[in-house]
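*Asks:* Sharing a structure, written as structure tokens. Questions coming.
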Amino acid sequence: MARTVVVVSSQLITTLSALAYLRHRNIHGTDLRVLSLERLDHVHAAHAFEEVLIRLAARDGHRCVFGELSALHAEPAGLFCDYLLLPRIDHKQGQAVLKGCSPDVVIELGESIGVETKLYSFQARRLRCRSILHLLESRPNLRLDYSYLIPLNRGVDKLRLQHFLDCCSDFSAMMGRDLTASKPAVNFINGDALLLLPYLKVKKWHLRVELFGRVKGIKCAQKFYDWQYFLTRVQRYVNGLRANGQVSPHLYVQAHPKNHQDLKLIEQQLNRGLKGIGNVQLKVLPCDSPLELILSDLISTSPTPCIQMAGFGTNILSAAAFLCSHPHSVSLCDKKAEGRIQRLWNFCFDGLVYRREFLRQRHVRKVFNNLPQAMR
């Protein structure tokens, strides 16, 4: 009897991770339903690569169809399935699917390419524990599994990682054959550097209140929250390239898709912050192509140019997975300052002022150290 599997896909990379998980568990020939983001214009959504992913799933015998999260509400009887795979159980998308779906087994794969879920505030952790406890109490027969590709405090399952890399490689090969209009026009050359930024929240108000449905308050010039934290690390990264004699002809910047309206602001702030640091030719890439597509296009280039990549969040892990032939060229933007007193001051200052980003960076550093070791 064919099994039914539902996958909640927040990004292209999470869909590939789900397919790799099914292959690792030797689950083939299922009725696979992928629920993508409702915002179909979101470039990271798997819906944009529907045809390629259907062909990729068919290699393992899956009969794959795509749908939207809102379609669950149109099914009064609910959706019954054997397995439900989703990035996070406590996320609003996961909660919405669980309300309209009755699975036998729920599997939390982790965000991005399967990073162990780690939250950076006590309130968020408490709410997560509360939502999971409520789910288990309301459905006593439900089995809940946590299966992360790259855990924090234990080794990576190399066989499962290889399945994931195979899925990434197959996807890149298929995209290389499909000359789609969505392919990015980025011509990297040897010595270039690619900087991957996380989502930067824009601050627009000093003070605001909502009265009778209208927002009133004191506006400020648009700027990013915690910008100095990121800028300091970018400056150290560029200085580190100069010190190693690797000053790149171009410094490409890939912004988060949610910042697609803030590209000019990002370019202005970076040009101002990097002024006088070498002859850096800065170029901010448009957000109309996801990171995975840029890297798959880079791999298909013959010969593959040697570029340096750096970032702050788990997007750098997906970069490392795609560039598995050059894992040494991928790094985190967290070069420490020189001098013991300066490092101690930065540690205390960041822990107090930029606590969230400070904790995130420590978490990502642990995960990133696990990945290259498994890929050796």
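Ordering of the structure tokens sets the chain letters (A, B, ...); residue numbers start at 1 within each chain; ligands are numbered from 1 in the order shown.
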Give me the residues of range 145-246 of chain A that have any atom at most 10 Å from an atom of range 356-371 of chain A; for each, the nearest atom pair and the distance in Å, rounded to one decimal. Use only C-alpha atoms, sort by chain and number, and format it as a Markdown table.
*Replies:*
```
| residue | atom | partner | partner_atom | distance |
| --- | --- | --- | --- | --- |
| A:Leu149 | CA | A:Leu371 | CA | 9.6 |
| A:Ile150 | CA | A:Val367 | CA | 6.6 |
| A:Pro151 | CA | A:Val367 | CA | 6.8 |
| A:Leu152 | CA | A:Val367 | CA | 5.5 |
| A:Asn153 | CA | A:Lys366 | CA | 8.1 |
| A:Arg154 | CA | A:Asn370 | CA | 8.2 |
| A:Gly155 | CA | A:Asn370 | CA | 6.8 |
| A:Val156 | CA | A:Asn370 | CA | 6.9 |
| A:Lys158 | CA | A:Leu371 | CA | 9.8 |
| A:Leu161 | CA | A:Leu371 | CA | 9.2 |
| A:Asp226 | CA | A:Glu357 | CA | 8.2 |
| A:Tyr229 | CA | A:Glu357 | CA | 8.1 |
| A:Phe230 | CA | A:Glu357 | CA | 9.0 |
```
*Asks:* Please list as a list in words every residue within 12 Å of Leu56 in chain A, counting only C-alpha atoms and excluding residues in the same chain fewer than 2 positions away.
*Replies:*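 Non-adjacent residues within range: Thr15, Leu16, Ala18, Leu19, Ala20, Arg23, Phe49, Glu50, Glu51, Val52, Leu53, Ile54, Ala58, Arg59, Asp60, Gly61, His62, Arg63, Cys64, Asp166, Cys167, Cys168, Ser169, Asp170, Phe171, Ser172, Ala173, Met174 and Met175 of chain A.
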*Asks:* Mind checking DSSP for range 30-203 of chain A and telling me the alpha helix (DSSP H) residues as an MDAnalysis selection string?
*Replies:* chainID A and resid 50:58 92:99 122:138 158:177
*Asks:* Rounded to one decimal in Å, what is the spacing between CA of Ser289 in chain A and CA of Thr14 in chain A?
*Replies:*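 According to the coordinates, CA of Ser289 in chain A and CA of Thr14 in chain A are separated by 16.3 Å.
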*Asks:* In terms of the shortest atom-to-atom distance over only C-alpha atoms, which of A:Gln308, A:Asn315, A:Ser131, A:Thr232 is closest to Leu197 in chain A?
*Replies:* A:Asn315
*Asks:* Determine which residues of range 139-369 of chain A DSSP labels as strand (DSSP E or B) from the backbone of this structure, then write them out as a ChimeraX atom specification.
*Replies:* /A:143-146,150,193-196,202-211,214-224,251-254,282-285,308-311,330-332
*Asks:* Contacts of Phe188 in chain A at 10 Å or less, counting only C-alpha atoms, minus same-chain residues fewer than 5 places along, as a VMD selection string?
*Replies:* chain A and resid 193 to 194 249 to 250 252 298 301 304 to 307
*Asks:* Save out the residues we just selected, N, CA and C atoms, as a PDB file, in the first residue's frame.
*Replies:*
```pdb
ATOM      1  N   ALA A 193      34.781  37.481  -4.251  1.00  0.00           N
ATOM      2  CA  ALA A 193      34.258  37.106  -2.937  1.00  0.00           C
ATOM      3  C   ALA A 193      32.748  37.324  -2.937  1.00  0.00           C
ATOM      4  N   LEU A 194      32.045  36.398  -2.314  1.00  0.00           N
ATOM      5  CA  LEU A 194      30.586  36.472  -2.209  1.00  0.00           C
ATOM      6  C   LEU A 194      30.218  36.550  -0.739  1.00  0.00           C
ATOM      7  N   PRO A 249      38.793  41.106  -6.926  1.00  0.00           N
ATOM      8  CA  PRO A 249      38.385  42.120  -7.900  1.00  0.00           C
ATOM      9  C   PRO A 249      36.990  42.656  -7.601  1.00  0.00           C
ATOM     10  N   HIS A 250      36.080  41.793  -7.131  1.00  0.00           N
ATOM     11  CA  HIS A 250      34.725  42.212  -6.827  1.00  0.00           C
ATOM     12  C   HIS A 250      34.277  41.566  -5.514  1.00  0.00           C
ATOM     13  N   TYR A 252      30.872  40.634  -4.169  1.00  0.00           N
ATOM     14  CA  TYR A 252      29.443  40.495  -4.432  1.00  0.00           C
ATOM     15  C   TYR A 252      28.699  40.301  -3.117  1.00  0.00           C
ATOM     16  N   LEU A 298      27.009  28.221 -10.616  1.00  0.00           N
ATOM     17  CA  LEU A 298      28.457  28.335 -10.448  1.00  0.00           C
ATOM     18  C   LEU A 298      29.133  26.987 -10.630  1.00  0.00           C
ATOM     19  N   THR A 301      29.590  25.784 -14.207  1.00  0.00           N
ATOM     20  CA  THR A 301      30.564  26.514 -15.015  1.00  0.00           C
ATOM     21  C   THR A 301      31.851  25.708 -15.126  1.00  0.00           C
ATOM     22  N   THR A 304      35.357  25.700 -12.968  1.00  0.00           N
ATOM     23  CA  THR A 304      34.720  26.398 -11.860  1.00  0.00           C
ATOM     24  C   THR A 304      35.668  27.434 -11.272  1.00  0.00           C
ATOM     25  N   PRO A 305      35.298  28.704 -11.219  1.00  0.00           N
ATOM     26  CA  PRO A 305      36.191  29.716 -10.639  1.00  0.00           C
ATOM     27  C   PRO A 305      36.319  29.530  -9.136  1.00  0.00           C
ATOM     28  N   CYS A 306      37.473  29.875  -8.612  1.00  0.00           N
ATOM     29  CA  CYS A 306      37.723  29.767  -7.171  1.00  0.00           C
ATOM     30  C   CYS A 306      37.344  31.098  -6.522  1.00  0.00           C
ATOM     31  N   ILE A 307      36.282  31.084  -5.744  1.00  0.00           N
ATOM     32  CA  ILE A 307      35.839  32.300  -5.068  1.00  0.00           C
ATOM     33  C   ILE A 307      35.769  32.050  -3.578  1.00  0.00           C
TER      34      ILE A 307
END
```
*Asks:* Would you kindly return, as a list in words, each protein, DNA or RNA residue with an atom no farther than 10 Å from any atom of range 236-243 of chain A, considering only C-alpha atoms and excluding same-chain residues fewer than 5 positions away?
*Replies:*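 Counting only the stated atoms, we get Gly191, Ala193, Leu195, Leu231, Ser248, Leu251, Leu274, Ile277, Gly278, Asn279, Val280, Gln308, Ala310, Gly311, Ser331, Leu332, Cys333, Asp334, Lys335, Lys336 and Ala337 of chain A.
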*Asks:* Store the residues of this selection in a file with N, CA and C atoms, as a PDB file, in the first residue's frame.
*Replies:*
```
ATOM      1  N   GLY A 191      39.199  34.827  -7.573  1.00  0.00           N
ATOM      2  CA  GLY A 191      39.523  35.902  -6.650  1.00  0.00           C
ATOM      3  C   GLY A 191      38.332  36.689  -6.176  1.00  0.00           C
ATOM      4  N   ALA A 193      34.781  37.481  -4.251  1.00  0.00           N
ATOM      5  CA  ALA A 193      34.258  37.106  -2.937  1.00  0.00           C
ATOM      6  C   ALA A 193      32.748  37.324  -2.937  1.00  0.00           C
ATOM      7  N   LEU A 195      29.545  37.651  -0.365  1.00  0.00           N
ATOM      8  CA  LEU A 195      29.131  37.883   1.014  1.00  0.00           C
ATOM      9  C   LEU A 195      27.636  37.641   1.125  1.00  0.00           C
ATOM     10  N   LEU A 231      28.525  45.265  10.225  1.00  0.00           N
ATOM     11  CA  LEU A 231      29.526  46.026   9.494  1.00  0.00           C
ATOM     12  C   LEU A 231      30.928  45.775  10.032  1.00  0.00           C
ATOM     13  N   SER A 248      39.947  40.794  -3.521  1.00  0.00           N
ATOM     14  CA  SER A 248      39.151  40.319  -4.648  1.00  0.00           C
ATOM     15  C   SER A 248      38.876  41.447  -5.634  1.00  0.00           C
ATOM     16  N   LEU A 251      33.552  42.339  -4.744  1.00  0.00           N
ATOM     17  CA  LEU A 251      32.895  41.818  -3.560  1.00  0.00           C
ATOM     18  C   LEU A 251      31.395  41.813  -3.847  1.00  0.00           C
ATOM     19  N   LEU A 274      32.849  50.631   4.133  1.00  0.00           N
ATOM     20  CA  LEU A 274      34.072  50.049   3.573  1.00  0.00           C
ATOM     21  C   LEU A 274      34.935  51.088   2.864  1.00  0.00           C
ATOM     22  N   ILE A 277      38.953  51.027   2.697  1.00  0.00           N
ATOM     23  CA  ILE A 277      39.492  49.688   2.953  1.00  0.00           C
ATOM     24  C   ILE A 277      39.791  49.035   1.611  1.00  0.00           C
ATOM     25  N   GLY A 278      41.010  49.233   1.128  1.00  0.00           N
ATOM     26  CA  GLY A 278      41.420  48.634  -0.138  1.00  0.00           C
ATOM     27  C   GLY A 278      40.636  49.199  -1.310  1.00  0.00           C
ATOM     28  N   ASN A 279      40.810  48.566  -2.445  1.00  0.00           N
ATOM     29  CA  ASN A 279      40.071  48.961  -3.656  1.00  0.00           C
ATOM     30  C   ASN A 279      38.950  47.957  -3.891  1.00  0.00           C
ATOM     31  N   VAL A 280      38.009  47.941  -2.976  1.00  0.00           N
ATOM     32  CA  VAL A 280      36.911  46.981  -3.058  1.00  0.00           C
ATOM     33  C   VAL A 280      35.868  47.479  -4.045  1.00  0.00           C
ATOM     34  N   GLN A 308      35.859  33.132  -2.816  1.00  0.00           N
ATOM     35  CA  GLN A 308      35.727  33.069  -1.371  1.00  0.00           C
ATOM     36  C   GLN A 308      34.283  33.408  -0.998  1.00  0.00           C
ATOM     37  N   ALA A 310      31.544  34.020   2.398  1.00  0.00           N
ATOM     38  CA  ALA A 310      31.426  34.251   3.833  1.00  0.00           C
ATOM     39  C   ALA A 310      30.008  34.706   4.135  1.00  0.00           C
ATOM     40  N   GLY A 311      29.558  34.427   5.351  1.00  0.00           N
ATOM     41  CA  GLY A 311      28.212  34.808   5.746  1.00  0.00           C
ATOM     42  C   GLY A 311      28.038  34.769   7.248  1.00  0.00           C
ATOM     43  N   SER A 331      33.505  30.354   4.694  1.00  0.00           N
ATOM     44  CA  SER A 331      33.851  30.717   6.068  1.00  0.00           C
ATOM     45  C   SER A 331      32.760  31.578   6.671  1.00  0.00           C
ATOM     46  N   LEU A 332      32.844  31.758   7.970  1.00  0.00           N
ATOM     47  CA  LEU A 332      31.932  32.642   8.682  1.00  0.00           C
ATOM     48  C   LEU A 332      32.558  34.023   8.838  1.00  0.00           C
ATOM     49  N   CYS A 333      31.713  35.033   8.829  1.00  0.00           N
ATOM     50  CA  CYS A 333      32.184  36.409   9.018  1.00  0.00           C
ATOM     51  C   CYS A 333      32.321  36.671  10.514  1.00  0.00           C
ATOM     52  N   ASP A 334      33.267  36.032  11.153  1.00  0.00           N
ATOM     53  CA  ASP A 334      33.409  36.215  12.595  1.00  0.00           C
ATOM     54  C   ASP A 334      34.880  36.266  13.004  1.00  0.00           C
ATOM     55  N   LYS A 335      35.723  36.838  12.144  1.00  0.00           N
ATOM     56  CA  LYS A 335      37.141  36.960  12.470  1.00  0.00           C
ATOM     57  C   LYS A 335      37.305  37.785  13.738  1.00  0.00           C
ATOM     58  N   LYS A 336      38.065  37.247  14.683  1.00  0.00           N
ATOM     59  CA  LYS A 336      38.235  37.913  15.976  1.00  0.00           C
ATOM     60  C   LYS A 336      39.177  39.101  15.862  1.00  0.00           C
ATOM     61  N   ALA A 337      38.938  40.073  16.706  1.00  0.00           N
ATOM     62  CA  ALA A 337      39.799  41.258  16.743  1.00  0.00           C
ATOM     63  C   ALA A 337      41.164  40.894  17.310  1.00  0.00           C
TER      64      ALA A 337
END
```
*Asks:* Quick one: distance from CA of Ser9 in chain A to CA of Asn259 in chain A in Å, one decimal?
*Replies:* 20.3 Å
*Asks:* Choose the residue, out of A:Ile89, A:Leu207, A:Glu116, A:Ala96, that has the smallest atom-to-atom separation from Leu133 in chain A; count only C-alpha atoms.
*Replies:*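 Going through A:Ile89, A:Leu207, A:Glu116, A:Ala96 one by one, the smallest distance to Leu133 in chain A is for A:Ile89.
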